[in-house]
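Novice: Okay, so here is upload-v2.txt, and as you'll see once you scroll down, it has compact mmCIF, C-alpha atoms.
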```
# COMPACT_ATOMS: atom_id res chain seq x y z
CA MET F 130 -4.87 15.44 -26.56
CA LEU F 131 -4.70 17.38 -23.30
CA ILE F 132 -4.21 14.11 -21.43
CA ASN F 133 -1.29 13.22 -23.71
CA VAL F 134 0.41 16.57 -23.08
CA LEU F 135 -0.15 16.22 -19.32
CA GLN F 136 1.26 12.68 -19.41
CA ILE F 137 4.42 13.92 -21.12
CA ILE F 138 4.78 16.74 -18.56
CA VAL F 139 4.30 14.32 -15.64
CA GLY F 140 6.80 11.90 -17.17
CA ALA F 141 9.37 14.68 -17.54
CA ILE F 142 8.87 15.74 -13.90
CA LEU F 143 9.27 12.09 -12.86
CA LEU F 144 12.60 11.84 -14.69
CA VAL F 145 13.88 15.16 -13.32
CA THR F 146 12.91 14.39 -9.70
CA GLY F 147 14.44 10.92 -9.99
CA LEU F 148 17.74 12.40 -11.19
CA LEU F 149 17.63 15.07 -8.47
CA ALA F 150 17.00 12.40 -5.83
CA ILE F 151 20.14 10.57 -6.97
CA GLU F 152 22.35 13.59 -7.47
CA SER F 153 21.50 15.91 -4.55
CA LYS F 154 24.23 16.22 -1.95
CA SER F 155 22.21 16.23 1.29
CA ILE F 156 20.26 13.09 2.20
CA ILE F 157 17.19 14.93 3.50
CA LYS F 158 16.78 16.67 0.12
CA SER F 159 17.02 13.26 -1.58
CA VAL F 160 14.19 11.98 0.63
CA ILE F 161 12.01 14.97 -0.22
CA TYR F 162 12.66 14.52 -3.95
CA LEU F 163 11.75 10.85 -3.59
CA SER F 164 8.48 11.89 -1.95
CA LEU F 165 7.81 14.29 -4.83
CA LEU F 166 8.51 11.43 -7.27
CA SER F 167 5.88 9.33 -5.48
CA MET F 168 3.34 12.14 -5.68
CA MET F 169 3.94 12.54 -9.41
CA SER F 170 3.73 8.77 -9.96
CA VAL F 171 0.30 8.89 -8.28
CA VAL F 172 -0.81 11.29 -11.04
CA ALA F 173 0.76 9.00 -13.64
CA PHE F 174 -1.11 5.97 -12.24
CA VAL F 175 -4.41 7.88 -12.38
CA PHE F 176 -3.70 8.71 -16.04
CA MET F 177 -3.09 5.02 -16.69
CA LYS F 178 -6.50 4.24 -15.11
CA ALA F 179 -5.14 2.36 -12.08
CA PRO F 180 -6.81 4.07 -9.09
CA ASP F 181 -6.10 1.12 -6.77
CA VAL F 182 -2.35 1.43 -7.28
CA ALA F 183 -2.61 5.23 -7.06
CA ILE F 184 -4.22 5.12 -3.60
CA THR F 185 -1.63 2.66 -2.31
CA GLU F 186 1.24 4.70 -3.74
CA ALA F 187 -0.17 7.92 -2.24
CA VAL F 188 -0.42 6.42 1.25
CA ILE F 189 2.78 4.35 1.33
CA GLY F 190 5.15 6.07 -1.10
CA SER F 191 4.66 9.69 -0.21
CA GLY F 192 3.35 9.27 3.35
CA LEU F 193 4.73 6.42 5.42
CA VAL F 194 8.07 5.82 3.72
CA THR F 195 9.02 9.51 3.69
CA ALA F 196 8.13 9.91 7.37
CA LEU F 197 10.13 6.81 8.31
CA PHE F 198 13.17 8.05 6.33
CA VAL F 199 12.96 11.50 7.92
CA PHE F 200 12.70 10.11 11.43
CA THR F 201 15.53 7.66 10.88
CA LEU F 202 17.67 10.61 9.73
CA LEU F 203 16.63 12.56 12.84
CA GLY F 204 17.55 9.58 15.00
CA MET F 205 21.03 9.21 13.55
CA LYS F 206 23.85 11.11 15.23
CA LYS F 207 26.51 12.79 13.18
CA VAL F 208 30.10 11.58 13.57
CA GLY F 209 31.81 13.56 16.30
CA GLU F 210 28.60 14.74 17.90
CA ASN F 211 28.83 13.89 21.60
CA LYS F 212 25.28 13.52 22.89
CA MET Z 291 33.92 8.77 -16.46
CA LYS Z 292 32.00 6.47 -14.13
CA ARG Z 293 28.86 8.60 -14.41
CA PHE Z 294 29.19 8.77 -18.20
CA LEU Z 295 29.45 4.99 -18.38
CA SER Z 296 26.41 4.51 -16.15
CA LEU Z 297 24.41 6.97 -18.29
CA LEU Z 298 25.42 5.05 -21.39
CA LEU Z 299 24.40 1.76 -19.75
CA VAL Z 300 21.01 3.17 -18.74
CA PHE Z 301 20.32 4.48 -22.23
CA ALA Z 302 21.36 1.17 -23.81
CA LEU Z 303 19.12 -0.85 -21.49
CA GLY Z 304 16.20 1.55 -21.93
CA GLY Z 305 16.56 1.52 -25.71
CA LEU Z 306 16.65 -2.28 -25.70
CA MET Z 307 13.49 -2.49 -23.57
CA ILE Z 308 11.55 0.08 -25.60
CA SER Z 309 12.51 -1.46 -28.94
CA TYR Z 310 11.50 -4.90 -27.67
CA LEU Z 311 8.16 -3.70 -26.28
CA TYR Z 312 7.28 -1.86 -29.49
CA GLN Z 313 8.11 -4.64 -31.92
CA SER Z 314 7.01 -7.75 -30.07
CA ASP Z 315 3.76 -9.42 -31.05
CA LEU Z 316 3.31 -10.73 -27.51
CA ILE Z 317 2.75 -7.27 -26.06
CA PRO Z 318 -0.01 -5.22 -27.71
CA GLN Z 319 0.06 -1.44 -28.11
CA TYR Z 320 -1.02 0.56 -25.08
CA GLY Z 321 -4.82 0.64 -25.03
CA PHE Z 322 -5.24 -1.88 -27.86
CA ALA Z 323 -5.20 -5.19 -25.99
CA ASN Z 324 -7.85 -7.67 -27.11
CA VAL Z 325 -9.60 -8.51 -23.84
CA ALA Z 326 -11.80 -11.23 -25.34
CA GLU Z 327 -8.76 -13.46 -25.95
CA SER Z 328 -7.24 -13.22 -22.49
CA VAL Z 329 -8.35 -14.46 -19.09
CA SER Z 330 -9.42 -10.98 -17.91
CA HIS Z 331 -12.50 -11.37 -20.10
CA PHE Z 332 -13.84 -13.91 -17.56
CA TYR Z 333 -13.11 -11.61 -14.65
CA ILE Z 334 -15.01 -8.77 -16.34
CA ASN Z 335 -18.02 -11.06 -16.91
CA LYS Z 336 -17.64 -12.12 -13.24
CA ASN Z 337 -17.87 -15.81 -14.07
CA VAL Z 338 -14.91 -18.04 -14.91
CA ASN Z 339 -17.21 -20.82 -16.14
CA GLY Z 340 -18.50 -18.79 -19.07
CA GLY Z 341 -21.45 -16.76 -17.86
CA THR Z 342 -23.13 -14.46 -20.33
CA ILE Z 343 -25.07 -12.06 -18.05
CA LEU Z 344 -23.92 -8.46 -18.55
CA PRO Z 345 -22.51 -7.27 -15.22
CA ASP Z 346 -24.16 -4.08 -14.08
CA PHE Z 347 -25.12 -2.44 -10.82
CA GLY Z 348 -28.18 -4.14 -9.34
CA SER Z 349 -27.87 -7.39 -11.28
CA SER Z 350 -27.14 -10.67 -9.54
CA GLY Z 351 -26.40 -14.31 -10.27
CA PHE Z 352 -22.62 -14.10 -10.65
CA GLU Z 353 -19.75 -16.12 -9.28
CA THR Z 354 -18.40 -13.06 -7.48
CA ALA Z 355 -20.39 -9.86 -7.07
CA ALA Z 356 -17.52 -7.48 -6.28
CA ALA Z 357 -18.03 -4.30 -8.30
CA ASN Z 358 -14.27 -3.64 -8.24
CA ILE Z 359 -12.66 -6.18 -10.60
CA VAL Z 360 -9.24 -5.77 -8.97
CA THR Z 361 -10.67 -6.76 -5.59
CA SER Z 362 -12.50 -9.74 -7.04
CA ILE Z 363 -9.11 -10.99 -8.27
CA VAL Z 364 -7.04 -10.03 -5.21
CA ALA Z 365 -9.40 -11.27 -2.50
CA ASN Z 366 -11.30 -14.02 -4.29
CA TYR Z 367 -9.67 -15.71 -7.30
CA ARG Z 368 -6.08 -15.07 -6.20
CA SER Z 369 -6.67 -14.95 -2.45
CA PHE Z 370 -3.89 -17.44 -1.79
CA ASP Z 371 -1.40 -14.98 -3.34
CA THR Z 372 -2.73 -12.29 -1.01
CA LEU Z 373 -2.13 -14.61 1.95
CA GLY Z 374 1.47 -14.90 0.78
CA GLU Z 375 1.71 -11.13 0.43
CA VAL Z 376 0.45 -10.64 3.98
CA THR Z 377 3.05 -13.20 5.10
CA VAL Z 378 5.80 -11.22 3.35
CA LEU Z 379 4.73 -8.10 5.24
CA PHE Z 380 4.67 -10.11 8.47
CA VAL Z 381 8.21 -11.37 7.87
CA SER Z 382 9.47 -7.84 7.21
CA ALA Z 383 7.81 -6.61 10.42
CA LEU Z 384 9.51 -9.52 12.18
CA GLY Z 385 12.87 -8.44 10.75
CA VAL Z 386 12.35 -4.88 11.99
CA ALA Z 387 11.44 -6.20 15.43
CA LEU Z 388 14.54 -8.41 15.49
CA LEU Z 389 16.84 -5.55 14.51
CA LEU Z 390 15.33 -2.67 16.46
CA GLY Z 391 13.41 -4.34 19.27
CA ALA Z 392 14.71 -4.06 22.82
CA THR Z 393 13.31 -4.84 26.24
CA GLN Z 394 13.82 -1.35 27.67
CA THR Z 395 12.85 1.35 25.20
CA LYS Z 396 12.13 5.04 25.38
CA ARG Z 397 10.72 7.51 22.90
CA LEU Z 398 12.95 9.23 20.37
CA THR Z 399 12.93 12.84 21.55
CA THR Z 400 12.61 15.70 19.11
CA SER Z 401 13.75 19.19 19.91
CA PHE Z 402 10.36 20.92 19.90
CA GLU Z 403 7.64 20.91 22.54
CA ALA Z 404 4.12 20.30 21.20
CA ASN Z 405 1.57 22.89 22.33
CA PHE Z 406 -2.02 22.26 23.40
CA ILE Z 407 -3.72 22.98 20.06
CA LEU Z 408 -1.38 20.68 18.15
CA ARG Z 409 -1.95 17.80 20.57
CA VAL Z 410 -5.78 18.11 20.64
CA GLY Z 411 -6.07 18.81 16.91
CA SER Z 412 -3.96 15.81 15.99
CA LYS Z 413 -6.14 13.60 18.20
CA ALA Z 414 -9.25 14.80 16.31
CA LEU Z 415 -7.45 14.16 13.01
CA PHE Z 416 -6.44 10.69 14.26
CA ALA Z 417 -10.11 9.69 14.57
CA ILE Z 418 -10.89 10.97 11.08
CA MET Z 419 -7.90 9.16 9.56
CA VAL Z 420 -8.74 5.86 11.24
CA MET Z 421 -12.34 6.16 10.05
CA THR Z 422 -11.18 6.89 6.48
CA GLY Z 423 -8.87 3.88 6.56
CA LEU Z 424 -11.62 1.59 7.82
CA PHE Z 425 -14.02 3.03 5.22
CA ILE Z 426 -11.59 2.26 2.41
CA ALA Z 427 -11.00 -1.25 3.77
CA ILE Z 428 -14.73 -1.98 4.20
CA HIS Z 429 -15.67 -0.61 0.75
CA GLY Z 430 -12.77 -2.41 -0.96
CA HIS Z 431 -15.14 -4.49 -3.10
CA LEU Z 432 -17.08 -1.40 -4.30
CA THR Z 433 -14.54 1.40 -4.77
CA PRO Z 434 -10.80 1.59 -5.53
CA GLY Z 435 -8.65 0.78 -2.54
CA GLY Z 436 -8.99 -2.06 -0.08
CA GLY Z 437 -7.21 -3.68 2.81
CA PHE Z 438 -3.64 -2.65 2.07
CA PRO Z 439 -4.17 1.12 1.53
CA GLY Z 440 -6.77 1.22 4.32
CA GLY Z 441 -4.40 -0.46 6.75
CA SER Z 442 -1.58 1.88 5.76
CA MET Z 443 -3.90 4.83 6.42
CA ILE Z 444 -4.59 3.51 9.94
CA ALA Z 445 -0.83 3.19 10.49
CA SER Z 446 -0.20 6.74 9.27
CA ALA Z 447 -2.82 7.94 11.78
CA PHE Z 448 -0.65 6.38 14.51
CA LEU Z 449 2.38 8.07 12.95
CA LEU Z 450 0.59 11.44 13.28
CA LEU Z 451 0.10 10.87 17.02
CA TYR Z 452 3.77 9.88 17.37
CA ILE Z 453 4.92 13.03 15.56
CA SER Z 454 2.66 15.48 17.38
CA ASP Z 455 3.24 14.27 20.95
CA ASP Z 456 6.70 13.59 22.27
CA HIS Z 457 5.54 11.30 25.08
CA TYR Z 458 3.00 9.24 23.17
CA ARG Z 459 3.37 5.46 22.99
CA ALA Z 460 0.75 3.27 21.33
CA LYS Z 461 -0.43 0.20 23.26
CA ILE Z 462 1.77 -2.10 21.23
CA LYS Z 463 0.73 -5.29 23.01
CA ASN Z 464 -2.91 -4.78 22.00
CA LEU Z 465 -1.88 -4.04 18.41
CA LYS Z 466 0.16 -7.25 18.28
CA PHE Z 467 -2.83 -9.18 19.64
CA LEU Z 468 -5.12 -7.62 16.99
CA GLU Z 469 -2.62 -8.51 14.26
CA GLY Z 470 -2.43 -12.14 15.35
CA ILE Z 471 -6.20 -12.47 15.63
CA ALA Z 472 -6.77 -10.94 12.17
CA GLY Z 473 -4.18 -13.19 10.53
CA ALA Z 474 -5.54 -16.31 12.23
CA LEU Z 475 -9.12 -15.43 11.21
CA TYR Z 476 -7.99 -15.01 7.57
CA VAL Z 477 -6.50 -18.52 7.56
CA GLY Z 478 -9.58 -19.77 9.46
CA ILE Z 479 -11.90 -18.43 6.75
CA GLY Z 480 -9.75 -20.21 4.19
CA LEU Z 481 -10.04 -23.48 6.15
CA VAL Z 482 -13.83 -23.11 6.41
CA GLY Z 483 -13.92 -22.73 2.63
CA LEU Z 484 -11.74 -25.82 2.32
CA PHE Z 485 -14.15 -27.91 4.41
CA LEU Z 486 -17.37 -26.58 2.84
CA THR Z 487 -16.46 -26.38 -0.86
CA GLY Z 488 -13.24 -28.36 -1.21
CA TYR Z 489 -10.90 -25.48 -2.09
CA PHE Z 490 -8.79 -23.31 0.22
CA LEU Z 491 -10.15 -19.73 0.50
CA GLU Z 492 -13.10 -20.52 -1.80
CA ASN Z 493 -16.13 -18.28 -1.36
CA PHE Z 494 -18.81 -20.08 0.68
CA LEU Z 495 -21.28 -17.24 1.35
CA ASN Z 496 -24.12 -15.88 -0.77
CA VAL Z 497 -22.66 -13.35 -3.21
CA GLY Z 498 -25.75 -11.12 -3.50
CA THR Z 499 -26.16 -8.12 -5.79
CA ILE Z 500 -23.42 -6.03 -7.42
CA GLY Z 501 -23.02 -2.61 -5.79
CA GLU Z 502 -24.45 -3.38 -2.35
CA LEU Z 503 -22.33 -3.19 0.79
CA PHE Z 504 -23.20 -6.72 1.88
CA SER Z 505 -22.28 -8.51 -1.30
CA ALA Z 506 -19.41 -10.53 -2.81
CA GLY Z 507 -19.45 -13.19 -0.08
CA ILE Z 508 -16.21 -13.45 1.90
CA VAL Z 509 -14.40 -10.65 0.00
CA PRO Z 510 -15.31 -7.74 2.33
CA ILE Z 511 -14.67 -9.85 5.45
CA VAL Z 512 -11.25 -10.91 4.18
CA TYR Z 513 -10.35 -7.37 3.16
CA VAL Z 514 -11.35 -5.86 6.53
CA LEU Z 515 -9.19 -8.51 8.25
CA ILE Z 516 -6.28 -7.69 5.93
CA GLY Z 517 -6.76 -3.98 6.66
CA LEU Z 518 -6.65 -4.52 10.44
CA LYS Z 519 -3.61 -6.80 10.13
CA VAL Z 520 -1.66 -4.44 7.87
CA GLY Z 521 -2.58 -1.42 10.01
CA SER Z 522 -1.46 -2.94 13.30
CA GLU Z 523 1.68 -4.39 11.70
CA LEU Z 524 2.78 -1.07 10.20
CA ALA Z 525 1.97 0.70 13.49
CA ASN Z 526 4.32 -1.79 15.17
CA ILE Z 527 7.05 -0.96 12.64
CA ILE Z 528 6.52 2.78 13.25
CA ASP Z 529 6.79 2.24 17.01
CA HIS Z 530 10.06 0.35 16.52
CA PHE Z 531 11.44 3.16 14.36
CA LEU Z 532 10.47 5.96 16.73
CA THR Z 533 11.75 4.37 19.93
CA GLU Z 534 15.30 3.74 20.95
CA GLU Z 535 17.10 1.51 23.36
CA GLU Z 536 17.49 2.92 26.84
CA ALA Z 537 21.15 3.32 27.55
```
How would this structure read if it were set down as structure tokens?

Specialist:
Amino acid sequence: MLINVLQIIVGAILLVTGLLAIESKSIIKSVIYLSLLSMMSVVAFVFMKAPDVAITEAVIGSGLVTALFVFTLLGMKKVGENK
Amino acid sequence: MKRFLSLLLVFALGGLMISYLYQSDLIPQYGFANVAESVSHFYINKNVNGGTILPDFGSSGFETAAANIVTSIVANYRSFDTLGEVTVLFVSALGVALLLGATQTKRLTTSFEANFILRVGSKALFAIMVMTGLFIAIHGHLTPGGGFPGGSMIASAFLLLYISDDHYRAKIKNLKFLEGIAGALYVGIGLVGLFLTGYFLENFLNVGTIGELFSAGIVPIVYVLIGLKVGSELANIIDHFLTEEEA
């Protein structure tokens, strides 16, 4: 029963963070919401008894991919910035 | 209007999927699948030729003795698929190298200067992260995890060093060498299986007892090789992302 309620809560957070990742105006906020979505999907995978997928998602989804996105954004220069 | 239409489209597609999944006889209700009718029944009994011994820790005499069923599929029964998966990752690393690689590169500079404690502490953390990644790769046949998450953990340890020190560059040549050696050894193990048993990537070692570290034949060897290959490959990709062409 408790697990069911928690699953519904996690699913709702997944939906909300997914929508926020699409709709937010700044790209860096989108990346952070995407990372949050990955973290929540780790919890969802553990609920669905798939620890293998959960470990992979935790390392790649919320660790490596987020860091690569953030550093690519840092590496990009804004239009008009002379440096 | 455009957003309203896309919302409508998403709801229509989702409703279609959910109604199909709930009414179809092909897909059972969540948690009510009959395992005895499907092929996973053989994987749980650890014998595709119809063994009847109950698999438990400490018992032996199985086709594969990997305690983790997922690993026994990924690195034993469907090992050829995993070879393809590793190849896909290799091709993507190749694409990154083609797009971002240059002969003269320098580090991407960030605006902050790392102090002493950050540099030394991140080096201590680097050792712990690499050890955790190798642990997960080595124990892939006993616990959840395996070569892919373990290798990614090794790569994120390199990422930590790159973030914390502005002048750090990994020895990329050595990593590329390690990647090539690991990939070649994986194919070599498959060829040895081909010559000894007649099937590519077939297990040719003694499988041993369920739950021991040295069990499941070639599965731990293959998974450690995959972990090293994935780790060095992703570290290469990270190096390409965090360096830029010297103007």

Novice: For chain F, which residues have at least one atom within 9 Å of chain Z, if we go by only C-alpha atoms? Write them as an NGL selection string, please.

Specialist: :F and (179-189 or 192-193 or 196-197 or 200-201 or 203-204)

Novice: Of the candidates Z:Gly473, Z:Gly348, Z:Gly374, Z:Gly478, which shows the shortest atom-to-atom distance to Z:Ser505, using only C-alpha atoms?

Specialist: Z:Gly348

Novice: Have a look at atom CA of Z:Leu518 and atom CA of Z:Gly423 and let me know their distance in Å, one decimal.

Specialist: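 Spanning atom CA of Z:Leu518 to atom CA of Z:Gly423 is a straight-line distance of 9.5 Å.
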
Novice: So that I can check the surroundings of F:Leu163, please list as a ChimeraX atom specification every protein, DNA and RNA residue that reaches within 12 Å of it, counting all atoms listed in the file and ignoring chain neighbours fewer than 4 positions away.

Specialist: /F:142-153,156-159,167-170,190-192,194-196,198-199

Novice: Counting all atoms listed in the file, note down every residue that has an atom within 12 Å of the point (-2.3, 15.2, -16.9) (file coordinates), as a PyMOL selection string.

Specialist: chain F and resi 130-142+169-178

Novice: So what do you get for atom CA of F:Lys154 versus atom CA of Z:Leu295, distance-wise?

Specialist: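 Going from atom CA of F:Lys154 over to atom CA of Z:Leu295 covers 20.6 Å.
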
Novice: Tell me which protein, DNA and RNA residues are within 10 Å of Z:Val477, counting all atoms listed in the file, leaving out same-chain ones fewer than 6 positions away, and put them as an MDAnalysis selection string.

Specialist: chainID Z and resid 370 373 483 490:491 512
